[in-house]
Amino acid sequence: MNSEVKKVSEHMLALGLGALAHANWHANHMGMMNDKWPELSVLQAAHAAEILLKARIAEEHPLLIFKELPRSTQVNSDFLEGKHLFENAKTIQYSELPERLWATTGIRVANLEKYQLFGRLRNSIQHFAPPLDIDFSSEAIDFIFEVIDPFINTCWNLYAIDYNEDYERYTYLVEGLISRGVKFLVSPACAEELTNVDFEWPENNPDYKKEMERRFKKWENNAEPSGDY
């Protein structure tokens, strides 16, 4: 196996985080020139999750993300190279990734049922007429912060809140999430930047406010907030 193949996990992690930033931007904002941002946020969030799961699996061994590999008779080289994989290999499908992840790393995907349902929603948008009675932005946001957020935090100590394409990385994103009552893991950078911000907390939801304030304040003592949902 050559060095190009060995770097697969690094490339996939970077790409997956880029897709996550794109999904966060489209799910939490509205495009003036494109009314399909909500649907696109679902596609991007699912794509981000798929790439990030593969990135973690590939850290164990790059070839574990593939369902079928090229045969030695198909390549003109002593070693399996990246171009051989691109031309002849087939990767594990979205729906099968949680089992491959568990088998190779022992990590279980949080909210597995949501992961699978979201994959079906992605497919319906991508291949058929999407259901009109679904709030696609809300579905994408819930998926990002209930599935992707705990996953990348467990694997790489990363936070979904840090990946966003807005020029104000945290202010509007966090305000929007709090107005929706969405729980999210608070990164040290987010806590530091929003230290003196007074949020408009959802009415009649004191438990949510208490939990999120705890996650922000935990960083005051340089302690990591709990990832409990």
# chains A, B, ... in the order shown; residues from 1 in each chain; ligands from 1

call {"tool": "residues_around", "arguments": {"residues": "range 26-37 of chain A", "least_positions_apart": "3", "cutoff": "8 Å", "atoms": "only C-alpha atoms", "output": "PyMOL selection string"}}
result
chain A and resi 22-23+40-42+136-138+140-141+173+176

call {"tool": "write_last_selection", "arguments": {"atoms": "N, CA and C atoms", "output": "compact mmCIF listing (two decimals), in the first residue's frame"}}
result
# COMPACT_ATOMS: atom_id res chain seq x y z
N HIS A 22 -20.59 23.66 5.36
CA HIS A 22 -21.54 24.02 4.31
C HIS A 22 -22.96 23.71 4.77
N ALA A 23 -23.16 22.55 5.40
CA ALA A 23 -24.48 22.16 5.88
C ALA A 23 -24.96 23.11 6.97
N LEU A 40 -30.83 21.43 0.30
CA LEU A 40 -29.39 21.23 0.14
C LEU A 40 -28.70 20.95 1.47
N SER A 41 -29.20 21.56 2.54
CA SER A 41 -28.59 21.33 3.85
C SER A 41 -28.73 19.87 4.28
N VAL A 42 -29.82 19.23 3.88
CA VAL A 42 -30.00 17.80 4.19
C VAL A 42 -28.98 16.98 3.41
N PHE A 136 -37.07 20.99 6.30
CA PHE A 136 -35.78 20.40 5.98
C PHE A 136 -34.65 21.02 6.81
N SER A 137 -34.70 22.31 7.03
CA SER A 137 -33.65 22.96 7.82
C SER A 137 -33.62 22.39 9.24
N SER A 138 -34.79 22.24 9.84
CA SER A 138 -34.85 21.69 11.20
C SER A 138 -34.33 20.25 11.24
N ALA A 140 -32.11 18.94 9.25
CA ALA A 140 -30.65 18.99 9.10
C ALA A 140 -29.98 19.44 10.38
N ILE A 141 -30.54 20.45 11.02
CA ILE A 141 -29.96 20.95 12.28
C ILE A 141 -29.98 19.88 13.35
N LEU A 173 -25.29 31.87 14.36
CA LEU A 173 -25.53 30.43 14.42
C LEU A 173 -26.02 30.03 15.81
N GLY A 176 -29.49 31.35 16.65
CA GLY A 176 -30.53 30.58 15.98
C GLY A 176 -30.78 29.24 16.66

call {"tool": "residues_around", "arguments": {"residues": "Trp102 in chain A", "least_positions_apart": "2", "cutoff": "12 Å", "atoms": "only C-alpha atoms", "output": "list in words"}}
result
Leu53, Lys54, Arg56, Ile57, Glu60, Leu64, Glu96, Leu97, Pro98, Glu99, Arg100, Thr104, Thr105, Gly106, Ile107, Arg108, Val109, Ala110 and Leu112 of chain A

call {"tool": "write_last_selection", "arguments": {"atoms": "all heavy atoms", "output": "compact mmCIF listing (two decimals), in the first residue's frame"}}
result
# COMPACT_ATOMS: atom_id res chain seq x y z
N LEU A 53 -17.68 9.37 8.98
CA LEU A 53 -17.64 7.98 9.45
C LEU A 53 -16.56 7.20 8.71
O LEU A 53 -15.81 6.42 9.32
CB LEU A 53 -19.00 7.31 9.27
CG LEU A 53 -19.91 7.27 10.51
CD1 LEU A 53 -20.35 8.69 10.89
CD2 LEU A 53 -21.13 6.39 10.28
N LYS A 54 -16.47 7.42 7.42
CA LYS A 54 -15.44 6.73 6.64
C LYS A 54 -14.04 7.19 7.06
O LYS A 54 -13.10 6.38 7.08
CB LYS A 54 -15.65 6.98 5.15
CG LYS A 54 -16.85 6.24 4.57
CD LYS A 54 -17.04 6.56 3.08
CE LYS A 54 -18.22 5.78 2.51
NZ LYS A 54 -18.47 6.11 1.08
N ARG A 56 -13.08 8.04 10.04
CA ARG A 56 -12.71 7.35 11.29
C ARG A 56 -12.39 5.88 11.03
O ARG A 56 -11.43 5.34 11.60
CB ARG A 56 -13.83 7.47 12.32
CG ARG A 56 -13.52 6.78 13.66
CD ARG A 56 -12.29 7.38 14.31
NE ARG A 56 -11.89 6.61 15.49
CZ ARG A 56 -11.05 5.59 15.46
NH1 ARG A 56 -10.53 5.17 14.29
NH2 ARG A 56 -10.72 4.95 16.56
N ILE A 57 -13.17 5.24 10.18
CA ILE A 57 -12.89 3.84 9.84
C ILE A 57 -11.53 3.73 9.15
O ILE A 57 -10.74 2.83 9.44
CB ILE A 57 -14.00 3.28 8.94
CG1 ILE A 57 -15.33 3.21 9.72
CG2 ILE A 57 -13.64 1.89 8.41
CD1 ILE A 57 -16.55 2.96 8.85
N GLU A 60 -8.27 3.28 11.05
CA GLU A 60 -7.86 1.93 11.44
C GLU A 60 -7.10 1.27 10.30
O GLU A 60 -6.06 0.65 10.51
CB GLU A 60 -9.10 1.11 11.81
CG GLU A 60 -9.91 1.68 12.95
CD GLU A 60 -9.11 1.77 14.23
OE1 GLU A 60 -8.44 0.77 14.60
OE2 GLU A 60 -9.12 2.85 14.87
N LEU A 64 -10.56 -0.50 4.85
CA LEU A 64 -11.77 -0.93 5.54
C LEU A 64 -13.02 -0.18 5.10
O LEU A 64 -14.13 -0.61 5.39
CB LEU A 64 -11.59 -0.78 7.05
CG LEU A 64 -10.61 -1.76 7.71
CD1 LEU A 64 -10.36 -1.37 9.15
CD2 LEU A 64 -11.15 -3.19 7.63
N GLU A 96 -24.76 1.14 5.71
CA GLU A 96 -23.95 0.07 6.28
C GLU A 96 -22.80 0.58 7.14
O GLU A 96 -22.15 -0.20 7.83
CB GLU A 96 -23.38 -0.79 5.14
CG GLU A 96 -24.47 -1.43 4.25
CD GLU A 96 -23.87 -2.07 3.01
OE1 GLU A 96 -22.83 -1.60 2.54
OE2 GLU A 96 -24.46 -3.04 2.52
N LEU A 97 -22.55 1.88 7.09
CA LEU A 97 -21.38 2.43 7.77
C LEU A 97 -21.40 2.27 9.29
O LEU A 97 -20.35 1.99 9.89
CB LEU A 97 -21.20 3.90 7.40
CG LEU A 97 -20.62 4.16 6.02
CD1 LEU A 97 -20.70 5.64 5.67
CD2 LEU A 97 -19.16 3.68 5.95
N PRO A 98 -22.54 2.46 9.97
CA PRO A 98 -22.51 2.30 11.42
C PRO A 98 -22.02 0.93 11.88
O PRO A 98 -21.28 0.82 12.87
CB PRO A 98 -23.98 2.54 11.83
CG PRO A 98 -24.49 3.47 10.78
CD PRO A 98 -23.84 2.97 9.51
N GLU A 99 -22.43 -0.13 11.18
CA GLU A 99 -21.97 -1.47 11.56
C GLU A 99 -20.48 -1.64 11.29
O GLU A 99 -19.77 -2.25 12.09
CB GLU A 99 -22.78 -2.53 10.81
CG GLU A 99 -24.18 -2.72 11.35
CD GLU A 99 -24.19 -3.17 12.80
OE1 GLU A 99 -23.39 -4.05 13.17
OE2 GLU A 99 -25.01 -2.63 13.57
N ARG A 100 -20.00 -1.12 10.17
CA ARG A 100 -18.57 -1.21 9.88
C ARG A 100 -17.77 -0.40 10.90
O ARG A 100 -16.71 -0.80 11.34
CB ARG A 100 -18.29 -0.73 8.45
CG ARG A 100 -16.83 -0.77 8.03
CD ARG A 100 -16.25 -2.18 8.03
NE ARG A 100 -16.92 -3.06 7.11
CZ ARG A 100 -16.51 -3.30 5.86
NH1 ARG A 100 -15.43 -2.69 5.39
NH2 ARG A 100 -17.17 -4.14 5.09
N THR A 104 -15.01 -2.11 13.46
CA THR A 104 -13.59 -1.76 13.31
C THR A 104 -13.07 -0.90 14.45
O THR A 104 -11.86 -0.90 14.72
CB THR A 104 -13.35 -1.00 12.00
OG1 THR A 104 -14.23 0.13 11.93
CG2 THR A 104 -13.62 -1.91 10.81
N THR A 105 -13.96 -0.14 15.13
CA THR A 105 -13.49 0.78 16.17
C THR A 105 -14.16 0.59 17.53
O THR A 105 -13.69 1.10 18.53
CB THR A 105 -13.72 2.24 15.75
OG1 THR A 105 -15.14 2.50 15.73
CG2 THR A 105 -13.15 2.51 14.36
N GLY A 106 -15.30 -0.11 17.55
CA GLY A 106 -16.07 -0.23 18.79
C GLY A 106 -16.94 0.98 19.08
O GLY A 106 -17.63 1.03 20.10
N ILE A 107 -16.96 1.95 18.18
CA ILE A 107 -17.75 3.17 18.36
C ILE A 107 -19.14 2.97 17.78
O ILE A 107 -19.29 2.48 16.66
CB ILE A 107 -17.07 4.38 17.67
CG1 ILE A 107 -15.71 4.65 18.30
CG2 ILE A 107 -17.95 5.62 17.74
CD1 ILE A 107 -14.89 5.68 17.54
N ARG A 108 -20.15 3.35 18.54
CA ARG A 108 -21.53 3.27 18.07
C ARG A 108 -22.02 4.67 17.70
O ARG A 108 -21.75 5.63 18.42
CB ARG A 108 -22.44 2.67 19.15
CG ARG A 108 -22.12 1.22 19.50
CD ARG A 108 -23.08 0.68 20.54
NE ARG A 108 -22.72 -0.66 20.96
CZ ARG A 108 -23.13 -1.77 20.37
NH1 ARG A 108 -23.92 -1.68 19.30
NH2 ARG A 108 -22.77 -2.96 20.82
N VAL A 109 -22.75 4.77 16.63
CA VAL A 109 -23.31 6.05 16.20
C VAL A 109 -24.43 6.44 17.15
O VAL A 109 -25.35 5.64 17.40
CB VAL A 109 -23.85 5.96 14.76
CG1 VAL A 109 -24.61 7.23 14.38
CG2 VAL A 109 -22.71 5.72 13.78
N ALA A 110 -24.34 7.65 17.70
CA ALA A 110 -25.41 8.15 18.57
C ALA A 110 -26.68 8.35 17.75
O ALA A 110 -26.63 8.78 16.59
CB ALA A 110 -24.98 9.46 19.21
N LEU A 112 -28.84 6.21 16.35
CA LEU A 112 -28.73 5.42 15.13
C LEU A 112 -29.99 5.47 14.28
O LEU A 112 -29.92 5.56 13.04
CB LEU A 112 -28.38 3.97 15.47
CG LEU A 112 -28.23 3.01 14.28
CD1 LEU A 112 -27.14 3.49 13.33
CD2 LEU A 112 -27.94 1.60 14.78

call {"tool": "residues_around", "arguments": {"residues": "Ala160 in chain A", "least_positions_apart": "6", "cutoff": "10 Å", "atoms": "only C-alpha atoms", "output": "list in words"}}
result
Leu17, Leu20, Ala21, Asn24, Ile144, Phe145, Ile148, Asp149, Pro150, Phe151, Ile152, Asn153, Phe184, Leu185, Val186 and Ser187 of chain A

call {"tool": "write_last_selection", "arguments": {"atoms": "N, CA and C atoms", "output": "compact mmCIF listing (two decimals), in the first residue's frame"}}
result
# COMPACT_ATOMS: atom_id res chain seq x y z
N LEU A 17 -15.40 17.75 7.24
CA LEU A 17 -15.60 18.96 8.04
C LEU A 17 -16.00 20.13 7.15
N LEU A 20 -19.60 19.69 6.50
CA LEU A 20 -20.33 20.06 7.71
C LEU A 20 -20.51 21.57 7.79
N ALA A 21 -19.45 22.32 7.51
CA ALA A 21 -19.55 23.79 7.53
C ALA A 21 -20.57 24.28 6.52
N ASN A 24 -24.09 23.48 7.89
CA ASN A 24 -24.46 24.41 8.96
C ASN A 24 -24.90 25.75 8.39
N ILE A 144 -27.32 17.30 12.57
CA ILE A 144 -25.96 17.79 12.80
C ILE A 144 -25.61 17.72 14.28
N PHE A 145 -26.53 18.17 15.14
CA PHE A 145 -26.18 18.31 16.55
C PHE A 145 -26.57 17.13 17.43
N ILE A 148 -23.91 14.06 14.25
CA ILE A 148 -22.54 14.42 13.87
C ILE A 148 -21.77 15.01 15.03
N ASP A 149 -22.39 15.91 15.78
CA ASP A 149 -21.70 16.61 16.87
C ASP A 149 -21.10 15.64 17.89
N PRO A 150 -21.89 14.73 18.48
CA PRO A 150 -21.28 13.79 19.43
C PRO A 150 -20.26 12.86 18.79
N PHE A 151 -20.45 12.54 17.50
CA PHE A 151 -19.52 11.64 16.83
C PHE A 151 -18.14 12.26 16.68
N ILE A 152 -18.06 13.48 16.13
CA ILE A 152 -16.75 14.09 15.92
C ILE A 152 -16.11 14.49 17.24
N ASN A 153 -16.92 14.72 18.27
CA ASN A 153 -16.35 15.03 19.58
C ASN A 153 -15.72 13.79 20.20
N PHE A 184 -26.36 21.70 21.89
CA PHE A 184 -25.14 21.49 21.13
C PHE A 184 -23.96 21.53 22.08
N LEU A 185 -22.88 20.85 21.70
CA LEU A 185 -21.67 20.87 22.49
C LEU A 185 -20.97 22.21 22.29
N VAL A 186 -20.57 22.84 23.39
CA VAL A 186 -19.95 24.16 23.34
C VAL A 186 -18.43 24.00 23.30
N SER A 187 -17.82 24.55 22.27
CA SER A 187 -16.37 24.49 22.15
C SER A 187 -15.74 25.61 22.97

call {"tool": "atom_distance", "arguments": {"atom1": "CA of Gly119 in chain A", "atom2": "CA of Leu132 in chain A"}}
result
17.2 Å

call {"tool": "atom_distance", "arguments": {"atom1": "CA of Glu175 in chain A", "atom2": "CA of Tyr163 in chain A"}}
result
15.2 Å

call {"tool": "residues_around", "arguments": {"residues": "Pro202 in chain A", "least_positions_apart": "3", "cutoff": "9 Å", "atoms": "only C-alpha atoms", "output": "ChimeraX atom specification"}}
result
/A:178-181,205-206,208-209

call {"tool": "select_by_dssp", "arguments": {"residues": "chain A", "states": "alpha helix (DSSP H)", "output": "count of residues only"}}
result
125

call {"tool": "atom_distance", "arguments": {"atom1": "CA of Gln116 in chain A", "atom2": "CA of Leu15 in chain A"}}
result
21.5 Å

call {"tool": "residues_around", "arguments": {"residues": "range 195-198 of chain A", "least_positions_apart": "4", "cutoff": "12 Å", "atoms": "only C-alpha atoms", "output": "PDB file with N, CA and C atoms, in the first residue's frame"}}
result
ATOM      1  N   TYR A 170     -19.877  32.393  15.097  1.00  0.00           N
ATOM      2  CA  TYR A 170     -20.723  31.883  16.174  1.00  0.00           C
ATOM      3  C   TYR A 170     -22.008  32.670  16.413  1.00  0.00           C
ATOM      4  N   THR A 171     -21.951  33.995  16.356  1.00  0.00           N
ATOM      5  CA  THR A 171     -23.038  34.822  16.871  1.00  0.00           C
ATOM      6  C   THR A 171     -24.401  34.419  16.350  1.00  0.00           C
ATOM      7  N   TYR A 172     -24.603  34.462  15.041  1.00  0.00           N
ATOM      8  CA  TYR A 172     -25.925  34.199  14.488  1.00  0.00           C
ATOM      9  C   TYR A 172     -26.280  32.710  14.539  1.00  0.00           C
ATOM     10  N   VAL A 174     -25.314  30.470  16.848  1.00  0.00           N
ATOM     11  CA  VAL A 174     -25.687  30.108  18.215  1.00  0.00           C
ATOM     12  C   VAL A 174     -27.033  30.719  18.594  1.00  0.00           C
ATOM     13  N   GLU A 175     -27.257  31.981  18.209  1.00  0.00           N
ATOM     14  CA  GLU A 175     -28.544  32.604  18.505  1.00  0.00           C
ATOM     15  C   GLU A 175     -29.688  31.809  17.882  1.00  0.00           C
ATOM     16  N   ILE A 178     -30.194  28.449  19.795  1.00  0.00           N
ATOM     17  CA  ILE A 178     -30.816  28.664  21.097  1.00  0.00           C
ATOM     18  C   ILE A 178     -32.290  29.021  20.942  1.00  0.00           C
ATOM     19  N   VAL A 186     -20.569  22.840  23.386  1.00  0.00           N
ATOM     20  CA  VAL A 186     -19.947  24.161  23.339  1.00  0.00           C
ATOM     21  C   VAL A 186     -18.434  24.003  23.302  1.00  0.00           C
ATOM     22  N   PRO A 188     -14.459  25.481  23.335  1.00  0.00           N
ATOM     23  CA  PRO A 188     -13.798  26.565  24.076  1.00  0.00           C
ATOM     24  C   PRO A 188     -13.778  27.875  23.307  1.00  0.00           C
ATOM     25  N   ALA A 189     -13.581  27.820  21.983  1.00  0.00           N
ATOM     26  CA  ALA A 189     -13.555  29.044  21.190  1.00  0.00           C
ATOM     27  C   ALA A 189     -14.922  29.721  21.182  1.00  0.00           C
ATOM     28  N   CYS A 190     -15.979  28.926  21.090  1.00  0.00           N
ATOM     29  CA  CYS A 190     -17.333  29.469  21.102  1.00  0.00           C
ATOM     30  C   CYS A 190     -17.640  30.114  22.447  1.00  0.00           C
ATOM     31  N   ALA A 191     -17.299  29.434  23.526  1.00  0.00           N
ATOM     32  CA  ALA A 191     -17.560  29.968  24.863  1.00  0.00           C
ATOM     33  C   ALA A 191     -16.809  31.269  25.089  1.00  0.00           C
ATOM     34  N   LYS A 209     -32.311  26.051  29.155  1.00  0.00           N
ATOM     35  CA  LYS A 209     -31.463  27.189  29.510  1.00  0.00           C
ATOM     36  C   LYS A 209     -30.425  26.786  30.551  1.00  0.00           C
ATOM     37  N   GLU A 213     -26.422  26.891  29.728  1.00  0.00           N
ATOM     38  CA  GLU A 213     -25.596  27.783  30.542  1.00  0.00           C
ATOM     39  C   GLU A 213     -24.496  26.996  31.236  1.00  0.00           C
ATOM     40  N   ARG A 215     -23.053  24.332  30.047  1.00  0.00           N
ATOM     41  CA  ARG A 215     -22.043  23.983  29.044  1.00  0.00           C
ATOM     42  C   ARG A 215     -21.137  25.170  28.718  1.00  0.00           C
ATOM     43  N   PHE A 216     -21.704  26.352  28.707  1.00  0.00           N
ATOM     44  CA  PHE A 216     -20.886  27.541  28.483  1.00  0.00           C
ATOM     45  C   PHE A 216     -19.979  27.824  29.673  1.00  0.00           C
ATOM     46  N   LYS A 217     -20.539  27.763  30.882  1.00  0.00           N
ATOM     47  CA  LYS A 217     -19.796  28.150  32.077  1.00  0.00           C
ATOM     48  C   LYS A 217     -18.723  27.152  32.460  1.00  0.00           C
ATOM     49  N   LYS A 218     -18.872  25.915  32.030  1.00  0.00           N
ATOM     50  CA  LYS A 218     -17.858  24.899  32.344  1.00  0.00           C
ATOM     51  C   LYS A 218     -16.474  25.323  31.879  1.00  0.00           C
ATOM     52  N   TRP A 219     -16.419  26.068  30.752  1.00  0.00           N
ATOM     53  CA  TRP A 219     -15.123  26.458  30.208  1.00  0.00           C
ATOM     54  C   TRP A 219     -14.452  27.546  31.029  1.00  0.00           C
ATOM     55  N   GLU A 220     -15.207  28.193  31.924  1.00  0.00           N
ATOM     56  CA  GLU A 220     -14.611  29.215  32.770  1.00  0.00           C
ATOM     57  C   GLU A 220     -13.532  28.625  33.671  1.00  0.00           C
TER      58      GLU A 220
END

call {"tool": "closest_residue", "arguments": {"among": "A:Trp25, A:Glu39, A:Ile51, A:Leu194", "to": "Ser9 in chain A", "atoms": "only C-alpha atoms"}}
result
A:Ile51
